[in-house]
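Structure first, commentary second.
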Amino acid sequence: MERKYVNPSFPHLLHGADYNPEQWAETPEIWDEDMRLMQAANANEMSVGIFSWAVLEPREGEYDFSFLDTILDKVYAAGGRVILATPSGARPHWMADKYPEVLRVTPTRDRMSFSTRHNHCMTSPVYRVKVREMNTRLAARYGNHPAVIAWHLSNEYGGECFCPLCCAAFRDFLRERYNNDIEAVNRAWWTTFWSHRYDSFEQIDPPTPLTDTSIHGLNLDWKRFVTHQTRNFMEAEIAAVRTGNPDIPVTTNLMTGYYGLDYHKLSEPLDIVSWDSYPDWHSPEHFILAAKTGFWHDAFRCMKRRPFLLMESAPGTINWRDVNKLKRPGMDTLGSLQAVAHGSDSVQYFQWRKSRGSVEKFHGAVVDHVGHENTRIFRTVAHTGEVLKKIDEVAGSTVISRVAILFDWENWWAVDDARFSCINKKYRETCEAYHRVFWKKGISVDVIRKEDDFSPYDLLILPMLYMPGKGTAAKIRAYVEAGGTAYATYMLNMVNETDLCHLGGFPGEGLREVFGIWNEEIDALKPAERVHVTMDGTDYEGCDVCEIVHTEGAEILAEYASEFYAGTPALTVNRFGSGRAYYQTFRDTDAFKEAALSAILEKLGIRGEVEALPDGVTAHARYADGVRYLFVENFNNEEVCGIDLGGTGTDMETGEPADTANIPAFSAKIFRFNA
Ligand code: GLA
Ligand code: ZN
């Protein structure tokens, strides 16, 4: 397996932080102290310049790059590298004052004043010119600086703008999508309903509380437009930074389960995906959260099919939830190594040094207000850095999965709009719940998009794939026909890509034949209600969504045991071509899916990286050059002993041979095997 490094000029695991030295420009001796501390923390990377615009261009057209010149040289001299940001995530006051069009307009059509950050219009020609000018200058000045190993585009792209420029751009987007034919729009959106027909594109407004949110096709196309426009803005940023040194890879920091952008589309122009991970550790659902964090690591890894970056994580604590607990001893390092286990080539924090003022002054940071390294958090970070040094050869290696879960943003949006049960949709949570079954068993999963090739996988999980989109049903059919095993759930293929229902029985587009079932009705349960299901003589509980399905060739593996639909199928399997297509008709409370999938895994001979894992313990592996790096992660607050590694490897921290492992509370161990 060929290694893929973030930047081959620095083939290492990265360990570093968002670094905002411009906040300390009046005390530059702190900059030198930061360099000493960076080495003491075993850090080798700093993300710089993320919110620096007001310093870099204090007055329009007046540039001052002196602090960046100094900092880049200092970091490099201290042995570190820099991920250099474009500062478009926040802009100087003068720009908002002189060009109000750079600011966003809210859904209720109020223009924002200069405020907060992340509030720029993605369409504004003025903003685009200003960003291009800034990025081009940064690229010319630093593109060939030896410290710079990647570009960090903006910060956490997100949000929407309803200004006249964005509304006009939306109409153009629709003209293009519907070949300038308003009747095609009327058909696609079913606008005869409530007399909502459009006579021209000029009449179309984005969905807002002031306009129309009842046209599902419109809602969907608006969300598609927001992704399109954000991506278009980002591509302009990329083009500008590439004018310096086109070989520097670009990334942008994405967010956990962010709803507003189709990250599959947004990530296409990036070289590297990176993301900001802030799990609410030590909440009652600690293991569920650990698995969910794993789901998102897997999703981000699969976007580029190469190592990703953990761009931000909090040392100690964050500061924006209602209650912000400190991470318990061990958790910082465990959370960091969890990212690496799933394919990250970095562990990075927000932020390096705690700000003295403003809203993030009590957010966790590597260097606290006390200013020295004798703190619990600093020691933890330094320890993580020490472990990363010992496992540095993991950099560039790959994760291999035989199981995939399909997760899709457009489907998510469409499912949420469907009105038969409004509070129980939980599409994201459902995908995470299926993933958790494998996480508990130490089985690696790829979280994939509908455009991906399904053929490398032995098992393909399709939770709530209500709107598979053009061509996906045919791909699923071909996959099963060729011998694949698909496991789909309730709500499979009910609408087309403009959110019009398939006629002729669900699931549509031939999937009725593939799965051998017809879904006639959907029952929605109140939150506390349960139905009973039996499989192999065992009783299970169902909740939220229950479909009443008829078999058309499929075999029944489980059935409802309560309600007026008792005796109808709860799980079916259909042989189709040389494969099998399973259909789960109801939402379960985890025990059922665990039992059903365990039987399938057994049949397919898919085993965990480590077998018989105790509760709260999981295992993942990365591969390269005939070597397998096995990570065993213990999310329990107590030691687990005697885990059988299934062979003799080398403990990468101690260098000792090991065939069993004791993993202390909240920690991970990494073993090297010759594969
Ligand atoms: C986000 C931002 C950072 C910082 C952190 C705080 O991830 O990108 O600038 O505000 O949140 O948790
Ligand atoms: Zn706008």
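Residue numbering restarts at 1 in every chain; chains get A, B, ... in the order shown in the structure tokens, and ligands count up from 1 in that same order.
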Requested in this report: Extract the full set of strand (DSSP E or B) residues from stretch 257-446 of chain A according to DSSP on the backbone, and format it as a list of chain:residue names.
Outcome: A:Ser274, A:Trp275, A:Asp276, A:Phe308, A:Leu309, A:Leu310, A:Met311, A:Glu312, A:Ser344, A:Ser346, A:Val347, A:Gln348, A:Tyr349, A:Arg353, A:Val367, A:Thr398, A:Val403, A:Ala404, A:Ile405, A:Leu406, A:Val445, A:Asp446
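Running DSSP on the backbone gives alpha helix (DSSP H) for these residues within stretch 502-604 of chain A: Leu511, Arg512, Glu513, Val514, Phe515, Ala591, Phe592, Lys593, Glu594, Ala595, Ala596, Leu597, Ser598, Ala599, Ile600, Leu601, Glu602, Lys603 and Leu604 of chain A.
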Practice item. Select the residues contacting ligand 2 at a distance of at most 8 Å, based on only C-alpha atoms and all ligand atoms, then format the selection as a PyMOL selection string. Key: chain A and resi 101-105+120-124+160-167
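For the choices A:Pro207, A:Gly244, A:Pro11, A:Pro507, the atom-to-atom distance to A:Met464 is smallest for A:Pro507 when using only C-alpha atoms.
Reported to one decimal place, the separation of atom CA of A:Thr551 from atom CA of A:Thr572 is 7.9 Å.
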Exercise. Neighbours of ligand 1 within 9 Å, counting only C-alpha atoms and all ligand atoms, as a PyMOL selection string?
Worked result: chain A and resi 18+50-51+155-156+253-255+275-278+311-314+317-320+350-351+359-360+363-364
For those residues, write N, CA and C atoms to a file as a compact mmCIF listing (two decimals), in the first residue's frame.
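This is the output file selection09.txt:
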# COMPACT_ATOMS: atom_id res chain seq x y z
N ASP A 18 -3.83 25.80 16.31
CA ASP A 18 -4.13 27.14 15.81
C ASP A 18 -3.29 28.10 16.65
N ILE A 50 -5.26 32.64 10.73
CA ILE A 50 -6.67 32.33 10.42
C ILE A 50 -7.57 33.57 10.55
N PHE A 51 -7.29 34.39 11.55
CA PHE A 51 -8.13 35.59 11.73
C PHE A 51 -7.27 36.86 11.73
N ASN A 155 -12.09 29.64 7.38
CA ASN A 155 -12.34 28.89 8.60
C ASN A 155 -13.78 28.44 8.63
N GLU A 156 -13.98 27.14 8.75
CA GLU A 156 -15.32 26.57 8.92
C GLU A 156 -16.37 27.25 8.04
N ASN A 253 -11.07 23.57 7.14
CA ASN A 253 -11.51 22.80 8.31
C ASN A 253 -13.03 22.66 8.32
N LEU A 254 -13.48 21.40 8.24
CA LEU A 254 -14.90 21.07 8.23
C LEU A 254 -15.36 20.79 9.67
N MET A 255 -16.67 20.67 9.83
CA MET A 255 -17.21 20.52 11.19
C MET A 255 -17.99 19.21 11.34
N TRP A 275 -10.75 18.42 9.76
CA TRP A 275 -11.99 18.75 10.49
C TRP A 275 -11.71 19.06 11.95
N ASP A 276 -12.71 19.72 12.55
CA ASP A 276 -12.62 20.19 13.93
C ASP A 276 -13.51 19.32 14.80
N SER A 277 -12.92 18.64 15.76
CA SER A 277 -13.67 17.64 16.54
C SER A 277 -13.73 18.04 18.01
N TYR A 278 -14.95 18.23 18.48
CA TYR A 278 -15.13 18.65 19.88
C TYR A 278 -16.18 17.80 20.59
N MET A 311 -7.85 18.96 12.52
CA MET A 311 -7.34 20.34 12.49
C MET A 311 -7.49 21.02 13.84
N GLU A 312 -8.62 20.77 14.51
CA GLU A 312 -8.82 21.39 15.82
C GLU A 312 -9.40 20.36 16.78
N SER A 313 -8.96 20.46 18.02
CA SER A 313 -9.56 19.71 19.12
C SER A 313 -9.21 20.51 20.36
N ALA A 314 -9.93 20.29 21.45
CA ALA A 314 -9.69 21.15 22.61
C ALA A 314 -8.79 20.47 23.61
N THR A 317 -10.66 21.55 27.69
CA THR A 317 -12.10 21.84 27.63
C THR A 317 -12.42 22.78 26.47
N ILE A 318 -13.66 22.76 26.07
CA ILE A 318 -14.14 23.83 25.20
C ILE A 318 -14.89 24.85 26.09
N ASN A 319 -15.52 25.84 25.51
CA ASN A 319 -16.19 26.83 26.38
C ASN A 319 -17.56 27.25 25.84
N TRP A 320 -18.11 26.49 24.88
CA TRP A 320 -19.34 26.98 24.28
C TRP A 320 -20.55 26.08 24.51
N PHE A 350 -7.22 23.62 19.12
CA PHE A 350 -7.58 25.03 19.22
C PHE A 350 -7.48 25.36 20.69
N GLN A 351 -6.62 26.23 21.12
CA GLN A 351 -5.60 26.88 20.34
C GLN A 351 -4.29 26.74 21.07
N VAL A 359 -14.24 36.33 23.76
CA VAL A 359 -15.15 35.24 24.06
C VAL A 359 -14.46 33.89 24.25
N GLU A 360 -13.24 33.74 23.75
CA GLU A 360 -12.58 32.44 23.90
C GLU A 360 -11.50 32.42 24.97
N HIS A 363 -11.47 29.20 26.77
CA HIS A 363 -11.44 27.96 25.97
C HIS A 363 -10.10 27.26 26.21
N GLY A 364 -10.14 25.94 26.30
CA GLY A 364 -8.90 25.19 26.50
C GLY A 364 -7.83 25.57 25.49
(message) I'd like the contact shell of A:Val495 - 10 Å cut-off, only C-alpha atoms, skipping same-chain residues fewer than 4 positions apart - returned as a ChimeraX atom specification.
(response) /A:411,414-415,418,465-469,491,499-503,506-509
Could you write out that same residue set with N, CA, C and O atoms as a PDB file, in the first residue's frame?
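Listed below is the output, part.pdb:
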ATOM      1  N   ASN A 411     -29.887  13.506   0.785  1.00  0.00           N
ATOM      2  CA  ASN A 411     -30.867  12.601   1.377  1.00  0.00           C
ATOM      3  C   ASN A 411     -31.293  13.104   2.757  1.00  0.00           C
ATOM      4  O   ASN A 411     -32.468  13.096   3.116  1.00  0.00           O
ATOM      5  N   ALA A 414     -33.690  15.953   2.387  1.00  0.00           N
ATOM      6  CA  ALA A 414     -34.986  15.521   1.867  1.00  0.00           C
ATOM      7  C   ALA A 414     -35.768  14.743   2.938  1.00  0.00           C
ATOM      8  O   ALA A 414     -36.973  14.952   3.110  1.00  0.00           O
ATOM      9  N   VAL A 415     -35.068  13.885   3.662  1.00  0.00           N
ATOM     10  CA  VAL A 415     -35.729  13.128   4.738  1.00  0.00           C
ATOM     11  C   VAL A 415     -36.332  14.098   5.744  1.00  0.00           C
ATOM     12  O   VAL A 415     -37.468  13.936   6.198  1.00  0.00           O
ATOM     13  N   ALA A 418     -39.654  15.545   4.593  1.00  0.00           N
ATOM     14  CA  ALA A 418     -40.801  14.628   4.438  1.00  0.00           C
ATOM     15  C   ALA A 418     -41.707  14.738   5.662  1.00  0.00           C
ATOM     16  O   ALA A 418     -41.236  14.729   6.787  1.00  0.00           O
ATOM     17  N   LEU A 465     -32.362   5.407   3.006  1.00  0.00           N
ATOM     18  CA  LEU A 465     -31.951   6.024   1.735  1.00  0.00           C
ATOM     19  C   LEU A 465     -33.187   6.418   0.929  1.00  0.00           C
ATOM     20  O   LEU A 465     -33.511   5.841  -0.111  1.00  0.00           O
ATOM     21  N   TYR A 466     -33.842   7.426   1.425  1.00  0.00           N
ATOM     22  CA  TYR A 466     -35.137   7.919   0.927  1.00  0.00           C
ATOM     23  C   TYR A 466     -35.007   8.530  -0.472  1.00  0.00           C
ATOM     24  O   TYR A 466     -35.838   8.334  -1.336  1.00  0.00           O
ATOM     25  N   MET A 467     -33.914   9.266  -0.679  1.00  0.00           N
ATOM     26  CA  MET A 467     -33.689   9.906  -1.977  1.00  0.00           C
ATOM     27  C   MET A 467     -32.291   9.533  -2.470  1.00  0.00           C
ATOM     28  O   MET A 467     -31.331  10.287  -2.306  1.00  0.00           O
ATOM     29  N   PRO A 468     -32.154   8.360  -3.090  1.00  0.00           N
ATOM     30  CA  PRO A 468     -30.799   7.922  -3.470  1.00  0.00           C
ATOM     31  C   PRO A 468     -30.183   8.792  -4.553  1.00  0.00           C
ATOM     32  O   PRO A 468     -28.965   8.814  -4.695  1.00  0.00           O
ATOM     33  N   GLY A 469     -30.999   9.501  -5.331  1.00  0.00           N
ATOM     34  CA  GLY A 469     -30.441  10.339  -6.393  1.00  0.00           C
ATOM     35  C   GLY A 469     -30.246   9.546  -7.670  1.00  0.00           C
ATOM     36  O   GLY A 469     -30.211   8.306  -7.661  1.00  0.00           O
ATOM     37  N   MET A 491     -37.874   3.374   4.543  1.00  0.00           N
ATOM     38  CA  MET A 491     -37.785   4.620   3.775  1.00  0.00           C
ATOM     39  C   MET A 491     -36.867   4.518   2.564  1.00  0.00           C
ATOM     40  O   MET A 491     -36.372   5.538   2.073  1.00  0.00           O
ATOM     41  N   ASP A 499     -37.365  15.426  -5.302  1.00  0.00           N
ATOM     42  CA  ASP A 499     -38.261  15.160  -4.179  1.00  0.00           C
ATOM     43  C   ASP A 499     -39.699  14.856  -4.610  1.00  0.00           C
ATOM     44  O   ASP A 499     -40.645  15.129  -3.880  1.00  0.00           O
ATOM     45  N   LEU A 500     -39.858  14.285  -5.801  1.00  0.00           N
ATOM     46  CA  LEU A 500     -41.171  13.790  -6.233  1.00  0.00           C
ATOM     47  C   LEU A 500     -41.239  12.303  -5.935  1.00  0.00           C
ATOM     48  O   LEU A 500     -40.278  11.569  -6.213  1.00  0.00           O
ATOM     49  N   CYS A 501     -42.388  11.853  -5.407  1.00  0.00           N
ATOM     50  CA  CYS A 501     -42.519  10.444  -5.034  1.00  0.00           C
ATOM     51  C   CYS A 501     -42.451   9.527  -6.254  1.00  0.00           C
ATOM     52  O   CYS A 501     -42.989   9.855  -7.314  1.00  0.00           O
ATOM     53  N   HIS A 502     -41.822   8.380  -6.088  1.00  0.00           N
ATOM     54  CA  HIS A 502     -41.850   7.363  -7.139  1.00  0.00           C
ATOM     55  C   HIS A 502     -43.249   6.764  -7.192  1.00  0.00           C
ATOM     56  O   HIS A 502     -43.849   6.488  -6.146  1.00  0.00           O
ATOM     57  N   LEU A 503     -43.737   6.583  -8.384  1.00  0.00           N
ATOM     58  CA  LEU A 503     -45.046   5.945  -8.545  1.00  0.00           C
ATOM     59  C   LEU A 503     -44.835   4.454  -8.799  1.00  0.00           C
ATOM     60  O   LEU A 503     -43.762   4.046  -9.241  1.00  0.00           O
ATOM     61  N   PHE A 506     -43.221   1.594  -3.453  1.00  0.00           N
ATOM     62  CA  PHE A 506     -41.879   1.783  -2.859  1.00  0.00           C
ATOM     63  C   PHE A 506     -41.281   0.432  -2.507  1.00  0.00           C
ATOM     64  O   PHE A 506     -42.022  -0.461  -2.118  1.00  0.00           O
ATOM     65  N   PRO A 507     -39.960   0.296  -2.522  1.00  0.00           N
ATOM     66  CA  PRO A 507     -38.949   1.235  -3.001  1.00  0.00           C
ATOM     67  C   PRO A 507     -38.929   1.317  -4.523  1.00  0.00           C
ATOM     68  O   PRO A 507     -39.135   0.319  -5.209  1.00  0.00           O
ATOM     69  N   GLY A 508     -38.679   2.531  -5.022  1.00  0.00           N
ATOM     70  CA  GLY A 508     -38.808   2.786  -6.457  1.00  0.00           C
ATOM     71  C   GLY A 508     -37.603   2.378  -7.285  1.00  0.00           C
ATOM     72  O   GLY A 508     -36.613   1.875  -6.766  1.00  0.00           O
ATOM     73  N   GLU A 509     -37.756   2.602  -8.583  1.00  0.00           N
ATOM     74  CA  GLU A 509     -36.677   2.413  -9.579  1.00  0.00           C
ATOM     75  C   GLU A 509     -36.076   1.004  -9.552  1.00  0.00           C
ATOM     76  O   GLU A 509     -34.859   0.832  -9.594  1.00  0.00           O
TER      77      GLU A 509
END
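In this comparison, which uses only C-alpha atoms, the residue of A:Glu386, A:Trp24, A:Arg419, A:Lys450 approaching A:Thr654 most closely is A:Glu386.
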Open item on the list: Excluding stretch 295-301 of chain A and its own-chain neighbours fewer than 6 positions away, which residues fall within 10 Å of it when counting only C-alpha atoms? Please give them as number ranges by chain.
Closed with: A: 254-257, 263-264, 267, 272-275, 277, 289, 307-310, 338-344, 398-399, 404-407, 431-436, 439, 444-449
Go ahead and write the residues just picked, N, CA and C atoms, as a CSV table (one decimal), in the first residue's frame.
chain,number,residue,atom,x,y,z
A,254,LEU,N,-13.5,21.4,8.2
A,254,LEU,CA,-14.9,21.1,8.2
A,254,LEU,C,-15.4,20.8,9.7
A,255,MET,N,-16.7,20.7,9.8
A,255,MET,CA,-17.2,20.5,11.2
A,255,MET,C,-18.0,19.2,11.3
A,256,THR,N,-18.1,18.7,12.6
A,256,THR,CA,-18.8,17.5,12.8
A,256,THR,C,-20.2,17.6,12.3
A,257,GLY,N,-20.7,16.7,11.5
A,257,GLY,CA,-22.1,16.6,11.1
A,257,GLY,C,-22.7,17.9,10.8
A,263,TYR,N,-20.9,18.3,2.3
A,263,TYR,CA,-19.4,18.2,2.4
A,263,TYR,C,-18.8,17.3,1.3
A,264,HIS,N,-19.6,16.3,0.7
A,264,HIS,CA,-19.0,15.5,-0.4
A,264,HIS,C,-18.7,16.4,-1.6
A,267,SER,N,-15.8,19.1,-0.6
A,267,SER,CA,-14.5,18.6,-0.4
A,267,SER,C,-13.8,18.2,-1.8
A,272,ILE,N,-6.7,17.9,0.7
A,272,ILE,CA,-6.7,17.2,2.0
A,272,ILE,C,-8.0,17.6,2.7
A,273,VAL,N,-8.6,16.7,3.3
A,273,VAL,CA,-9.8,17.1,4.2
A,273,VAL,C,-9.3,17.2,5.6
A,274,SER,N,-9.7,18.3,6.3
A,274,SER,CA,-9.4,18.4,7.7
A,274,SER,C,-10.7,18.7,8.5
A,275,TRP,N,-10.8,18.4,9.8
A,275,TRP,CA,-12.0,18.7,10.5
A,275,TRP,C,-11.7,19.1,11.9
A,277,SER,N,-12.9,18.6,15.8
A,277,SER,CA,-13.7,17.6,16.5
A,277,SER,C,-13.7,18.0,18.0
A,289,LEU,N,-20.8,8.4,22.1
A,289,LEU,CA,-20.1,9.6,21.6
A,289,LEU,C,-18.8,9.2,21.0
A,307,PRO,N,-5.1,10.0,4.1
A,307,PRO,CA,-5.1,10.5,5.5
A,307,PRO,C,-5.7,11.9,5.5
A,308,PHE,N,-6.5,12.2,6.6
A,308,PHE,CA,-7.1,13.5,6.8
A,308,PHE,C,-6.3,14.2,7.9
A,309,LEU,N,-6.7,15.4,8.3
A,309,LEU,CA,-6.1,16.0,9.4
A,309,LEU,C,-7.2,16.3,10.5
A,310,LEU,N,-6.8,16.0,11.7
A,310,LEU,CA,-7.6,16.6,12.8
A,310,LEU,C,-7.1,18.0,13.0
A,338,GLN,N,-7.4,8.3,18.8
A,338,GLN,CA,-8.5,7.8,18.1
A,338,GLN,C,-8.6,8.3,16.7
A,339,ALA,N,-8.3,9.6,16.6
A,339,ALA,CA,-8.3,10.3,15.2
A,339,ALA,C,-7.2,9.6,14.4
A,340,VAL,N,-6.1,9.4,14.9
A,340,VAL,CA,-5.0,8.7,14.1
A,340,VAL,C,-5.4,7.3,13.8
A,341,ALA,N,-6.0,6.6,14.7
A,341,ALA,CA,-6.5,5.2,14.4
A,341,ALA,C,-7.4,5.2,13.2
A,342,HIS,N,-8.2,6.2,13.0
A,342,HIS,CA,-9.2,6.2,11.9
A,342,HIS,C,-8.6,6.8,10.7
A,343,GLY,N,-7.3,7.2,10.7
A,343,GLY,CA,-6.7,7.7,9.5
A,343,GLY,C,-6.2,9.1,9.5
A,344,SER,N,-6.2,9.8,10.6
A,344,SER,CA,-5.7,11.2,10.7
A,344,SER,C,-4.2,11.2,10.7
A,398,THR,N,-2.8,3.7,5.4
A,398,THR,CA,-4.2,3.6,4.9
A,398,THR,C,-5.1,2.7,5.8
A,399,VAL,N,-6.3,3.0,5.7
A,399,VAL,CA,-7.3,2.1,6.4
A,399,VAL,C,-8.0,1.3,5.3
A,404,ALA,N,-19.2,-0.8,4.2
A,404,ALA,CA,-19.4,0.6,3.9
A,404,ALA,C,-20.8,1.0,4.4
A,405,ILE,N,-20.9,2.3,4.8
A,405,ILE,CA,-22.2,2.8,5.1
A,405,ILE,C,-22.4,4.0,4.2
A,406,LEU,N,-23.5,4.1,3.5
A,406,LEU,CA,-23.7,5.3,2.7
A,406,LEU,C,-24.4,6.4,3.5
A,407,PHE,N,-23.7,7.5,3.4
A,407,PHE,CA,-24.3,8.7,4.1
A,407,PHE,C,-24.3,9.9,3.1
A,431,CYS,N,-27.6,6.6,10.9
A,431,CYS,CA,-26.4,6.2,10.2
A,431,CYS,C,-25.3,5.9,11.3
A,432,GLU,N,-25.2,6.8,12.3
A,432,GLU,CA,-24.2,6.6,13.3
A,432,GLU,C,-24.5,5.3,14.1
A,433,ALA,N,-25.8,5.0,14.3
A,433,ALA,CA,-26.2,3.8,15.1
A,433,ALA,C,-25.8,2.5,14.4
A,434,TYR,N,-25.9,2.5,13.0
A,434,TYR,CA,-25.5,1.3,12.3
A,434,TYR,C,-24.0,1.2,12.3
A,435,HIS,N,-23.3,2.3,12.2
A,435,HIS,CA,-21.8,2.3,12.3
A,435,HIS,C,-21.3,1.8,13.7
A,436,ARG,N,-22.1,2.1,14.7
A,436,ARG,CA,-21.7,1.7,16.1
A,436,ARG,C,-21.6,0.2,16.3
A,439,TRP,N,-18.2,-0.6,15.1
A,439,TRP,CA,-17.2,0.1,16.0
A,439,TRP,C,-17.0,-0.8,17.3
A,444,SER,N,-13.5,-2.1,10.8
A,444,SER,CA,-13.4,-0.8,10.2
A,444,SER,C,-14.5,-0.6,9.2
A,445,VAL,N,-15.0,0.6,9.1
A,445,VAL,CA,-16.1,1.0,8.2
A,445,VAL,C,-15.7,2.2,7.3
A,446,ASP,N,-16.0,2.1,6.1
A,446,ASP,CA,-15.9,3.3,5.2
A,446,ASP,C,-17.3,4.0,5.2
A,447,VAL,N,-17.3,5.3,5.5
A,447,VAL,CA,-18.6,6.1,5.3
A,447,VAL,C,-18.5,6.7,4.0
A,448,ILE,N,-19.3,6.3,3.1
A,448,ILE,CA,-19.1,6.6,1.7
A,448,ILE,C,-20.2,7.5,1.1
A,449,ARG,N,-20.0,8.0,-0.1
A,449,ARG,CA,-21.0,8.8,-0.8
A,449,ARG,C,-21.6,7.9,-1.9
Query raised in the report: Skipping near chain neighbours, those fewer than 5 positions away, what residues fall within 9 Å of A:Ala77 using only C-alpha atoms, listed as JSON, numbers by chain?
Result: {"A": [35, 72, 147]}
A:His216 environment, 7 Å, only C-alpha atoms, sequence neighbours closer than 2 positions dropped, as JSON, numbers by chain = {"A": [189, 214, 218, 219, 220, 417, 499]}
Atoms kept (N, CA, C and O atoms) for selection, written as a PDB file, in the first residue's frame:
ATOM      1  N   TRP A 189     -40.864  20.669  -9.328  1.00  0.00           N
ATOM      2  CA  TRP A 189     -41.208  21.056  -7.951  1.00  0.00           C
ATOM      3  C   TRP A 189     -42.682  20.839  -7.606  1.00  0.00           C
ATOM      4  O   TRP A 189     -43.117  21.164  -6.528  1.00  0.00           O
ATOM      5  N   SER A 214     -42.842  25.499   1.615  1.00  0.00           N
ATOM      6  CA  SER A 214     -43.669  24.299   1.415  1.00  0.00           C
ATOM      7  C   SER A 214     -43.307  23.543   0.141  1.00  0.00           C
ATOM      8  O   SER A 214     -43.777  22.439  -0.084  1.00  0.00           O
ATOM      9  N   LEU A 218     -37.878  23.185  -4.087  1.00  0.00           N
ATOM     10  CA  LEU A 218     -37.242  24.494  -3.907  1.00  0.00           C
ATOM     11  C   LEU A 218     -36.283  24.449  -2.712  1.00  0.00           C
ATOM     12  O   LEU A 218     -35.136  24.911  -2.803  1.00  0.00           O
ATOM     13  N   ASN A 219     -36.760  23.882  -1.602  1.00  0.00           N
ATOM     14  CA  ASN A 219     -35.912  23.807  -0.407  1.00  0.00           C
ATOM     15  C   ASN A 219     -34.602  23.086  -0.724  1.00  0.00           C
ATOM     16  O   ASN A 219     -33.520  23.514  -0.323  1.00  0.00           O
ATOM     17  N   LEU A 220     -34.756  21.997  -1.459  1.00  0.00           N
ATOM     18  CA  LEU A 220     -33.603  21.169  -1.793  1.00  0.00           C
ATOM     19  C   LEU A 220     -32.640  21.912  -2.722  1.00  0.00           C
ATOM     20  O   LEU A 220     -31.425  21.920  -2.517  1.00  0.00           O
ATOM     21  N   ASP A 417     -37.446  17.040   5.316  1.00  0.00           N
ATOM     22  CA  ASP A 417     -38.617  17.748   4.796  1.00  0.00           C
ATOM     23  C   ASP A 417     -39.861  16.851   4.742  1.00  0.00           C
ATOM     24  O   ASP A 417     -40.973  17.343   4.820  1.00  0.00           O
ATOM     25  N   ASP A 499     -37.365  15.426  -5.302  1.00  0.00           N
ATOM     26  CA  ASP A 499     -38.261  15.160  -4.179  1.00  0.00           C
ATOM     27  C   ASP A 499     -39.699  14.856  -4.610  1.00  0.00           C
ATOM     28  O   ASP A 499     -40.645  15.129  -3.880  1.00  0.00           O
TER      29      ASP A 499
END
